[in-house]
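Visitor: Data file run.cif (mmCIF, C-alpha atoms (C1' of nucleotides); chains and numbers go by the auth columns) is appended below.
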data_protein
loop_
_atom_site.group_PDB
_atom_site.id
_atom_site.type_symbol
_atom_site.label_atom_id
_atom_site.label_comp_id
_atom_site.label_asym_id
_atom_site.label_seq_id
_atom_site.Cartn_x
_atom_site.Cartn_y
_atom_site.Cartn_z
_atom_site.B_iso_or_equiv
_atom_site.auth_seq_id
_atom_site.auth_asym_id
ATOM 1 C CA MET A 1 -12.965 -31.109 -43.116 0.00 293 N
ATOM 2 C CA SER A 2 -10.999 -32.122 -40.019 0.00 294 N
ATOM 3 C CA TYR A 3 -8.565 -34.914 -39.280 0.00 295 N
ATOM 4 C CA TRP A 4 -8.410 -37.150 -36.217 0.00 296 N
ATOM 5 C CA LEU A 5 -6.670 -40.142 -34.724 0.00 297 N
ATOM 6 C CA MET A 6 -8.548 -42.811 -32.803 0.00 298 N
ATOM 7 C CA LYS A 7 -7.013 -45.634 -30.811 0.00 299 N
ATOM 8 C CA SER A 8 -8.299 -49.137 -30.369 0.00 300 N
ATOM 9 C CA GLU A 9 -6.806 -52.314 -29.029 0.00 301 N
ATOM 10 C CA PRO A 10 -6.800 -54.729 -31.973 0.00 302 N
ATOM 11 C CA ASP A 11 -7.663 -57.639 -29.657 0.00 303 N
ATOM 12 C CA VAL A 12 -10.897 -55.798 -28.863 0.00 304 N
ATOM 13 C CA PHE A 13 -11.649 -54.079 -32.169 0.00 305 N
ATOM 14 C CA SER A 14 -9.225 -53.965 -35.102 0.00 306 N
ATOM 15 C CA ILE A 15 -9.262 -52.315 -38.499 0.00 307 N
ATOM 16 C CA ASP A 16 -10.175 -55.690 -39.992 0.00 308 N
ATOM 17 C CA ASP A 17 -13.221 -55.759 -37.725 0.00 309 N
ATOM 18 C CA LEU A 18 -14.134 -52.304 -38.999 0.00 310 N
ATOM 19 C CA ARG A 19 -13.715 -53.374 -42.628 0.00 311 N
ATOM 20 C CA ARG A 20 -16.156 -56.238 -42.015 0.00 312 N
ATOM 21 C CA LYS A 21 -18.785 -53.719 -40.900 0.00 313 N
ATOM 22 C CA GLY A 22 -19.032 -52.463 -44.474 0.00 314 N
ATOM 23 C CA PRO A 23 -19.605 -49.018 -45.972 0.00 315 N
ATOM 24 C CA ARG A 24 -22.154 -47.881 -43.384 0.00 316 N
ATOM 25 C CA GLY A 25 -19.632 -48.418 -40.624 0.00 317 N
ATOM 26 C CA THR A 26 -20.323 -48.874 -36.943 0.00 318 N
ATOM 27 C CA HIS A 27 -20.427 -46.930 -33.713 0.00 319 N
ATOM 28 C CA TRP A 28 -17.200 -46.078 -31.885 0.00 320 N
ATOM 29 C CA ASP A 29 -18.370 -46.739 -28.347 0.00 321 N
ATOM 30 C CA GLY A 30 -16.711 -46.934 -24.961 0.00 322 N
ATOM 31 C CA VAL A 31 -14.925 -43.586 -24.829 0.00 323 N
ATOM 32 C CA ARG A 32 -15.009 -42.589 -21.147 0.00 324 N
ATOM 33 C CA ASN A 33 -12.781 -39.545 -21.083 0.00 325 N
ATOM 34 C CA TYR A 34 -14.150 -36.017 -21.235 0.00 326 N
ATOM 35 C CA GLN A 35 -11.461 -34.595 -23.488 0.00 327 N
ATOM 36 C CA ALA A 36 -11.835 -37.426 -25.960 0.00 328 N
ATOM 37 C CA ARG A 37 -15.603 -37.087 -25.810 0.00 329 N
ATOM 38 C CA ASN A 38 -15.371 -33.381 -26.544 0.00 330 N
ATOM 39 C CA PHE A 39 -13.264 -34.072 -29.603 0.00 331 N
ATOM 40 C CA MET A 40 -15.848 -36.559 -30.846 0.00 332 N
ATOM 41 C CA ARG A 41 -18.540 -33.922 -30.449 0.00 333 N
ATOM 42 C CA GLU A 42 -16.578 -31.693 -32.830 0.00 334 N
ATOM 43 C CA MET A 43 -16.514 -34.361 -35.528 0.00 335 N
ATOM 44 C CA LYS A 44 -18.534 -33.932 -38.693 0.00 336 N
ATOM 45 C CA PRO A 45 -19.537 -36.493 -41.293 0.00 337 N
ATOM 46 C CA GLY A 46 -16.804 -36.563 -43.922 0.00 338 N
ATOM 47 C CA ASP A 47 -13.989 -36.041 -41.428 0.00 339 N
ATOM 48 C CA GLN A 48 -11.119 -38.481 -41.843 0.00 340 N
ATOM 49 C CA ALA A 49 -9.471 -40.375 -38.998 0.00 341 N
ATOM 50 C CA PHE A 50 -6.404 -42.535 -38.603 0.00 342 N
ATOM 51 C CA PHE A 51 -7.062 -45.937 -37.050 0.00 343 N
ATOM 52 C CA TYR A 52 -4.370 -46.598 -34.431 0.00 344 N
ATOM 53 C CA HIS A 53 -3.699 -50.009 -32.912 0.00 345 N
ATOM 54 C CA SER A 54 -2.654 -49.671 -29.277 0.00 346 N
ATOM 55 C CA ASN A 55 -1.557 -52.047 -26.549 0.00 347 N
ATOM 56 C CA CYS A 56 -0.327 -54.659 -29.018 0.00 348 N
ATOM 57 C CA LYS A 57 2.803 -56.137 -30.543 0.00 349 N
ATOM 58 C CA GLU A 58 3.230 -53.453 -33.189 0.00 350 N
ATOM 59 C CA PRO A 59 1.535 -50.221 -32.070 0.00 351 N
ATOM 60 C CA GLY A 60 0.947 -47.703 -34.839 0.00 352 N
ATOM 61 C CA ILE A 61 -1.370 -46.299 -37.495 0.00 353 N
ATOM 62 C CA VAL A 62 -2.882 -49.059 -39.583 0.00 354 N
ATOM 63 C CA GLY A 63 -5.315 -47.255 -41.855 0.00 355 N
ATOM 64 C CA VAL A 64 -7.976 -44.638 -42.445 0.00 356 N
ATOM 65 C CA MET A 65 -11.642 -44.370 -41.601 0.00 357 N
ATOM 66 C CA GLU A 66 -14.305 -41.777 -42.162 0.00 358 N
ATOM 67 C CA VAL A 67 -16.794 -40.231 -39.767 0.00 359 N
ATOM 68 C CA VAL A 68 -20.252 -41.055 -41.130 0.00 360 N
ATOM 69 C CA ARG A 69 -22.448 -39.849 -38.287 0.00 361 N
ATOM 70 C CA GLU A 70 -21.937 -37.030 -35.838 0.00 362 N
ATOM 71 C CA ALA A 71 -21.883 -37.567 -32.073 0.00 363 N
ATOM 72 C CA TYR A 72 -24.917 -39.106 -30.360 0.00 364 N
ATOM 73 C CA PRO A 73 -25.394 -40.681 -26.901 0.00 365 N
ATOM 74 C CA ASP A 74 -23.338 -43.805 -26.192 0.00 366 N
ATOM 75 C CA HIS A 75 -25.993 -46.326 -25.193 0.00 367 N
ATOM 76 C CA THR A 76 -23.425 -48.783 -23.816 0.00 368 N
ATOM 77 C CA ALA A 77 -23.054 -46.449 -20.812 0.00 369 N
ATOM 78 C CA PHE A 78 -26.646 -47.310 -19.797 0.00 370 N
ATOM 79 C CA ASP A 79 -26.181 -51.082 -19.928 0.00 371 N
ATOM 80 C CA PRO A 80 -25.157 -52.585 -16.554 0.00 372 N
ATOM 81 C CA LYS A 81 -23.815 -55.635 -18.376 0.00 373 N
ATOM 82 C CA ASP A 82 -21.539 -53.602 -20.614 0.00 374 N
ATOM 83 C CA PRO A 83 -17.894 -53.334 -19.533 0.00 375 N
ATOM 84 C CA HIS A 84 -18.119 -49.563 -20.094 0.00 376 N
ATOM 85 C CA PHE A 85 -21.296 -49.165 -18.025 0.00 377 N
ATOM 86 C CA ASP A 86 -21.430 -45.848 -16.168 0.00 378 N
ATOM 87 C CA PRO A 87 -24.210 -45.564 -13.571 0.00 379 N
ATOM 88 C CA LYS A 88 -23.804 -41.801 -13.620 0.00 380 N
ATOM 89 C CA SER A 89 -24.813 -41.519 -17.258 0.00 381 N
ATOM 90 C CA ASP A 90 -28.571 -41.016 -17.313 0.00 382 N
ATOM 91 C CA PRO A 91 -30.429 -41.613 -20.606 0.00 383 N
ATOM 92 C CA ALA A 92 -32.226 -38.312 -19.949 0.00 384 N
ATOM 93 C CA ARG A 93 -28.888 -36.555 -19.594 0.00 385 N
ATOM 94 C CA PRO A 94 -26.281 -38.691 -21.347 0.00 386 N
ATOM 95 C CA ARG A 95 -22.742 -38.170 -20.220 0.00 387 N
ATOM 96 C CA TRP A 96 -20.963 -40.113 -22.981 0.00 388 N
ATOM 97 C CA TYR A 97 -21.167 -39.863 -26.743 0.00 389 N
ATOM 98 C CA MET A 98 -20.021 -41.783 -29.775 0.00 390 N
ATOM 99 C CA VAL A 99 -19.760 -41.273 -33.515 0.00 391 N
ATOM 100 C CA ASP A 100 -20.199 -43.708 -36.388 0.00 392 N
ATOM 101 C CA VAL A 101 -17.128 -44.463 -38.476 0.00 393 N
ATOM 102 C CA ALA A 102 -16.660 -46.434 -41.681 0.00 394 N
ATOM 103 C CA TYR A 103 -13.680 -48.226 -43.169 0.00 395 N
ATOM 104 C CA VAL A 104 -11.758 -46.374 -45.881 0.00 396 N
ATOM 105 C CA GLU A 105 -8.438 -48.148 -46.275 0.00 397 N
ATOM 106 C CA LYS A 106 -5.907 -50.360 -44.553 0.00 398 N
ATOM 107 C CA PHE A 107 -2.285 -49.460 -45.197 0.00 399 N
ATOM 108 C CA PRO A 108 -0.068 -52.149 -46.775 0.00 400 N
ATOM 109 C CA ARG A 109 2.183 -51.752 -43.754 0.00 401 N
ATOM 110 C CA THR A 110 1.621 -50.407 -40.275 0.00 402 N
ATOM 111 C CA ILE A 111 3.123 -46.968 -39.766 0.00 403 N
ATOM 112 C CA THR A 112 4.659 -47.904 -36.448 0.00 404 N
ATOM 113 C CA LEU A 113 4.955 -45.723 -33.390 0.00 405 N
ATOM 114 C CA ASP A 114 8.734 -45.982 -33.768 0.00 406 N
ATOM 115 C CA ALA A 115 8.569 -44.728 -37.351 0.00 407 N
ATOM 116 C CA LEU A 116 6.277 -41.862 -36.358 0.00 408 N
ATOM 117 C CA ARG A 117 8.742 -40.798 -33.681 0.00 409 N
ATOM 118 C CA LEU A 118 11.552 -40.703 -36.229 0.00 410 N
ATOM 119 C CA ASN A 119 9.661 -38.278 -38.479 0.00 411 N
ATOM 120 C CA HIS A 120 10.658 -34.755 -37.483 0.00 412 N
ATOM 121 C CA SER A 121 7.623 -33.181 -39.119 0.00 413 N
ATOM 122 C CA LEU A 122 5.489 -35.078 -36.590 0.00 414 N
ATOM 123 C CA ALA A 123 7.339 -33.774 -33.532 0.00 415 N
ATOM 124 C CA GLU A 124 4.263 -31.907 -32.321 0.00 416 N
ATOM 125 C CA MET A 125 1.799 -34.730 -32.922 0.00 417 N
ATOM 126 C CA LEU A 126 -0.317 -35.240 -29.789 0.00 418 N
ATOM 127 C CA ILE A 127 -0.071 -39.005 -29.873 0.00 419 N
ATOM 128 C CA LEU A 128 3.714 -38.783 -29.603 0.00 420 N
ATOM 129 C CA ARG A 129 3.748 -36.531 -26.567 0.00 421 N
ATOM 130 C CA ARG A 130 5.092 -38.179 -23.482 0.00 422 N
ATOM 131 C CA GLY A 131 2.438 -39.671 -21.273 0.00 423 N
ATOM 132 C CA ASN A 132 -0.410 -39.018 -23.655 0.00 424 N
ATOM 133 C CA ARG A 133 -3.190 -41.517 -23.207 0.00 425 N
ATOM 134 C CA LEU A 134 -6.027 -39.784 -25.017 0.00 426 N
ATOM 135 C CA SER A 135 -7.834 -42.235 -27.265 0.00 427 N
ATOM 136 C CA VAL A 136 -9.192 -39.531 -29.575 0.00 428 N
ATOM 137 C CA THR A 137 -6.987 -36.653 -30.739 0.00 429 N
ATOM 138 C CA PRO A 138 -7.085 -34.049 -33.498 0.00 430 N
ATOM 139 C CA VAL A 139 -4.502 -34.287 -36.284 0.00 431 N
ATOM 140 C CA THR A 140 -3.385 -31.253 -38.284 0.00 432 N
ATOM 141 C CA ALA A 141 -3.550 -31.188 -42.077 0.00 433 N
ATOM 142 C CA SER A 142 0.246 -31.132 -42.307 0.00 434 N
ATOM 143 C CA GLU A 143 0.565 -34.084 -39.933 0.00 435 N
ATOM 144 C CA TRP A 144 -1.996 -35.983 -41.985 0.00 436 N
ATOM 145 C CA LYS A 145 -0.042 -35.262 -45.139 0.00 437 N
ATOM 146 C CA ALA A 146 3.242 -36.306 -43.553 0.00 438 N
ATOM 147 C CA VAL A 147 1.811 -39.655 -42.433 0.00 439 N
ATOM 148 C CA MET A 148 0.282 -40.313 -45.851 0.00 440 N
ATOM 149 C CA LYS A 149 3.681 -39.618 -47.354 0.00 441 N
ATOM 150 C CA MET A 150 5.159 -42.308 -45.087 0.00 442 N
ATOM 151 C CA VAL A 151 2.442 -44.669 -46.292 0.00 443 N
ATOM 152 C CA ALA A 152 3.328 -43.972 -49.937 0.00 444 N
ATOM 153 C CA SER A 153 7.039 -44.568 -49.411 0.00 445 N
ATOM 154 C CA SER A 154 6.497 -47.738 -47.381 0.00 446 N
ATOM 155 C CA THR A 155 4.364 -49.032 -50.262 0.00 447 N
ATOM 156 C CA ASP A 156 7.140 -48.310 -52.763 0.00 448 N
ATOM 157 C CA HIS A 157 9.631 -50.228 -50.663 0.00 449 N
ATOM 158 C CA SER A 158 7.383 -53.272 -50.524 0.00 450 N
ATOM 159 C CA ARG A 159 7.550 -53.799 -54.276 0.00 451 N
ATOM 160 C "C1'" DG B 1 3.514 -58.547 -16.318 0.00 51 Y
ATOM 161 C "C1'" DC B 2 5.621 -54.136 -14.971 0.00 52 Y
ATOM 162 C "C1'" DC B 3 5.150 -49.502 -14.110 0.00 53 Y
ATOM 163 C "C1'" DA B 4 5.118 -44.434 -15.306 0.00 54 Y
ATOM 164 C "C1'" DA B 5 1.856 -41.116 -16.389 0.00 55 Y
ATOM 165 C "C1'" DC B 6 -2.355 -39.473 -16.008 0.00 56 Y
ATOM 166 C "C1'" DG B 7 -7.543 -38.831 -14.794 0.00 57 Y
ATOM 167 C "C1'" DT B 8 -11.008 -39.372 -11.305 0.00 58 Y
ATOM 168 C "C1'" DT B 9 -12.825 -39.798 -6.749 0.00 59 Y
ATOM 169 C "C1'" DG B 10 -13.899 -38.506 -2.252 0.00 60 Y
ATOM 170 C "C1'" DG B 11 -12.588 -37.145 2.525 0.00 61 Y
ATOM 171 C "C1'" DC B 12 -11.507 -33.161 4.742 0.00 62 Y
ATOM 172 C "C1'" DG C 1 -10.370 -26.484 -3.277 0.00 177 F
ATOM 173 C "C1'" DC C 2 -6.583 -29.585 -1.903 0.00 178 F
ATOM 174 C "C1'" DC C 3 -4.522 -33.870 -2.433 0.00 179 F
ATOM 175 C "C1'" DA C 4 -3.892 -38.890 -1.333 0.00 180 F
ATOM 176 C "C1'" DA C 5 -5.631 -43.027 -3.001 0.00 181 F
ATOM 177 C "C1'" DC C 6 -7.082 -45.507 -6.589 0.00 182 F
ATOM 178 C "C1'" DG C 7 -8.045 -47.104 -11.403 0.00 183 F
ATOM 179 C "C1'" DT C 8 -6.716 -47.046 -16.230 0.00 184 F
ATOM 180 C "C1'" DT C 9 -3.826 -46.616 -20.260 0.00 185 F
ATOM 181 C "C1'" DG C 10 -0.440 -48.283 -23.088 0.00 186 F
ATOM 182 C "C1'" DG C 11 4.548 -48.837 -24.262 0.00 187 F
ATOM 183 C "C1'" DC C 12 7.935 -51.889 -23.195 0.00 188 F
#
For this file, produce the structure as structure tokens.

Guide:
Amino acid sequence: MSYWLMKSEPDVFSIDDLRRKGPRGTHWDGVRNYQARNFMREMKPGDQAFFYHSNCKEPGIVGVMEVVREAYPDHTAFDPKDPHFDPKSDPARPRWYMVDVAYVEKFPRTITLDALRLNHSLAEMLILRRGNRLSVTPVTASEWKAVMKMVASSTDHSR
DNA sequence: GCCAACGTTGGC
DNA sequence: GCCAACGTTGGC
């Protein structure tokens, strides 16, 4: 099983929106970057992913979701009315892909970008690299563990 | 709203 | 294949 991190702007699609989709989840559409697309193609059902809120008041990891369907063509690329329409993606030869993800949990507190930066065991985490704008990145098992540890301790402190 | 960092596009 | 121009991302 692999681990991932996926970004979304909460004003557009938040973890609460994902929770409302229920156990079958929903498609993660709109990725228009080749590197991010390639990562999605590597995903397998059962993989776990951090849900990251970007471009908002408190950027950071807000919870966990699970991949429930492997990559398949992103139909929003074919729709001229969709904001992510790409005339170069032909239904016969789709350029963009998406996976289905389902809600697993929302953390009691956001693990903020600031907090992530302060954790030395996350120094190599892709999301923390300067200038990184990739919306889908792999996460190592040790990074996953380190973040979950931060979640556990932030929960203790909230008692 | 600003702007640095980065990816993509297209002329040559 | 180079690279300037442009568009987008995302923290601040």

Visitor: For the structure provided, state which residues fall under the PyMOL selection byres ((chain F) within 12 of (chain N)), and present them as a ChimeraX atom specification.

Guide: /F:184-188

Visitor: Using all atoms listed in the file, which residues sit within 12 Å of stretch 304-312 of chain N once same-chain residues fewer than 5 positions away are excluded, as a PyMOL selection string?

Guide: chain N and resi 298-299+317-322+341-348+351-358+375+392-399+402

Visitor: Could you tell me which residues the PyMOL selection byres ((chain N and resi 442-444) around 10) grabs in this file, written as a short mmCIF file (atom, residue, chain, number, x, y, z; two decimals) with C-alpha atoms, keeping the file's coordinate frame?

Guide:
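In the end it all went to selection24.cif:
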data_model
loop_
_atom_site.label_atom_id
_atom_site.label_comp_id
_atom_site.auth_asym_id
_atom_site.auth_seq_id
_atom_site.Cartn_x
_atom_site.Cartn_y
_atom_site.Cartn_z
CA ILE N 353 -1.37 -46.30 -37.49
CA VAL N 354 -2.88 -49.06 -39.58
CA GLY N 355 -5.32 -47.26 -41.86
CA PHE N 399 -2.28 -49.46 -45.20
CA PRO N 400 -0.07 -52.15 -46.78
CA ARG N 401 2.18 -51.75 -43.75
CA THR N 402 1.62 -50.41 -40.28
CA ILE N 403 3.12 -46.97 -39.77
CA ALA N 407 8.57 -44.73 -37.35
CA LEU N 408 6.28 -41.86 -36.36
CA ASN N 411 9.66 -38.28 -38.48
CA LYS N 437 -0.04 -35.26 -45.14
CA ALA N 438 3.24 -36.31 -43.55
CA VAL N 439 1.81 -39.66 -42.43
CA MET N 440 0.28 -40.31 -45.85
CA LYS N 441 3.68 -39.62 -47.35
CA SER N 445 7.04 -44.57 -49.41
CA SER N 446 6.50 -47.74 -47.38
CA THR N 447 4.36 -49.03 -50.26
CA ASP N 448 7.14 -48.31 -52.76
CA HIS N 449 9.63 -50.23 -50.66
#

Visitor: Which residue is closest to N:Gln327? Choose from N:Phe377, N:Tyr295, N:Tyr364, N:Trp388 and count all atoms listed in the file.

Guide: N:Trp388

Visitor: Choose the residue, out of N:Val391, N:Glu350, N:Trp296, N:Gly338, that has the smallest atom-to-atom separation from N:Asp406; count only C-alpha atoms.

Guide: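 Smallest separation from N:Asp406 among the options: N:Glu350.
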
Visitor: Which is closer to N:Thr429 than all the others in N:Arg329, N:Arg324, N:Arg361, N:His367, using all atoms listed in the file?

Guide: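 Selected residue with least distance to N:Thr429: N:Arg329.
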
Visitor: Could you check how far atom CA of N:Glu416 sits from atom CA of N:Phe331, in Å to one decimal?

Guide: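 Atom-to-atom, atom CA of N:Glu416 and atom CA of N:Phe331 are spaced 17.9 Å apart.
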
Visitor: Just add N, CA and C atoms to stretch 361-389 of chain N and send it as a short mmCIF file (atom, residue, chain, number, x, y, z; two decimals), in the coordinates of the input.

Guide:
data_model
loop_
_atom_site.label_atom_id
_atom_site.label_comp_id
_atom_site.auth_asym_id
_atom_site.auth_seq_id
_atom_site.Cartn_x
_atom_site.Cartn_y
_atom_site.Cartn_z
N ARG N 361 -21.33 -40.40 -39.06
CA ARG N 361 -22.45 -39.85 -38.29
C ARG N 361 -21.89 -39.05 -37.12
N GLU N 362 -22.45 -37.87 -36.91
CA GLU N 362 -21.94 -37.03 -35.84
C GLU N 362 -22.33 -37.61 -34.47
N ALA N 363 -21.77 -37.02 -33.42
CA ALA N 363 -21.88 -37.57 -32.07
C ALA N 363 -23.33 -37.71 -31.61
N TYR N 364 -23.62 -38.84 -30.97
CA TYR N 364 -24.92 -39.11 -30.36
C TYR N 364 -24.66 -39.95 -29.11
N PRO N 365 -25.65 -40.03 -28.19
CA PRO N 365 -25.39 -40.68 -26.90
C PRO N 365 -24.90 -42.12 -27.03
N ASP N 366 -23.90 -42.46 -26.22
CA ASP N 366 -23.34 -43.80 -26.19
C ASP N 366 -24.21 -44.68 -25.30
N HIS N 367 -25.02 -45.52 -25.95
CA HIS N 367 -25.99 -46.33 -25.19
C HIS N 367 -25.34 -47.39 -24.32
N THR N 368 -24.07 -47.74 -24.62
CA THR N 368 -23.42 -48.78 -23.82
C THR N 368 -23.20 -48.30 -22.38
N ALA N 369 -23.23 -46.98 -22.17
CA ALA N 369 -23.05 -46.45 -20.81
C ALA N 369 -24.27 -46.75 -19.92
N PHE N 370 -25.41 -47.06 -20.56
CA PHE N 370 -26.65 -47.31 -19.80
C PHE N 370 -26.84 -48.78 -19.47
N ASP N 371 -25.99 -49.63 -20.03
CA ASP N 371 -26.18 -51.08 -19.93
C ASP N 371 -25.31 -51.66 -18.81
N PRO N 372 -25.93 -52.08 -17.70
CA PRO N 372 -25.16 -52.58 -16.55
C PRO N 372 -24.28 -53.78 -16.91
N LYS N 373 -24.61 -54.47 -18.00
CA LYS N 373 -23.82 -55.64 -18.38
C LYS N 373 -22.65 -55.27 -19.28
N ASP N 374 -22.63 -54.03 -19.73
CA ASP N 374 -21.54 -53.60 -20.61
C ASP N 374 -20.30 -53.25 -19.79
N PRO N 375 -19.12 -53.65 -20.28
CA PRO N 375 -17.89 -53.33 -19.53
C PRO N 375 -17.68 -51.82 -19.35
N HIS N 376 -18.28 -51.02 -20.21
CA HIS N 376 -18.12 -49.56 -20.09
C HIS N 376 -19.33 -48.90 -19.44
N PHE N 377 -20.13 -49.70 -18.73
CA PHE N 377 -21.30 -49.16 -18.02
C PHE N 377 -20.89 -48.05 -17.07
N ASP N 378 -21.66 -46.95 -17.09
CA ASP N 378 -21.43 -45.85 -16.17
C ASP N 378 -22.76 -45.45 -15.53
N PRO N 379 -22.94 -45.83 -14.25
CA PRO N 379 -24.21 -45.56 -13.57
C PRO N 379 -24.55 -44.07 -13.51
N LYS N 380 -23.55 -43.24 -13.71
CA LYS N 380 -23.80 -41.80 -13.62
C LYS N 380 -24.28 -41.20 -14.94
N SER N 381 -24.28 -42.02 -15.99
CA SER N 381 -24.81 -41.52 -17.26
C SER N 381 -26.28 -41.88 -17.35
N ASP N 382 -27.12 -40.85 -17.31
CA ASP N 382 -28.57 -41.02 -17.31
C ASP N 382 -29.08 -40.82 -18.75
N PRO N 383 -29.92 -41.76 -19.23
CA PRO N 383 -30.43 -41.61 -20.61
C PRO N 383 -31.06 -40.24 -20.85
N ALA N 384 -31.62 -39.65 -19.79
CA ALA N 384 -32.23 -38.31 -19.95
C ALA N 384 -31.15 -37.23 -20.09
N ARG N 385 -30.01 -37.50 -19.49
CA ARG N 385 -28.89 -36.56 -19.59
C ARG N 385 -27.61 -37.33 -19.84
N PRO N 386 -27.42 -37.81 -21.06
CA PRO N 386 -26.28 -38.69 -21.35
C PRO N 386 -24.95 -37.99 -21.10
N ARG N 387 -24.06 -38.73 -20.50
CA ARG N 387 -22.74 -38.17 -20.22
C ARG N 387 -21.76 -38.49 -21.35
N TRP N 388 -21.94 -39.64 -21.99
CA TRP N 388 -20.96 -40.11 -22.98
C TRP N 388 -21.57 -40.19 -24.38
N TYR N 389 -20.73 -39.90 -25.34
CA TYR N 389 -21.17 -39.86 -26.74
C TYR N 389 -20.28 -40.73 -27.62
#
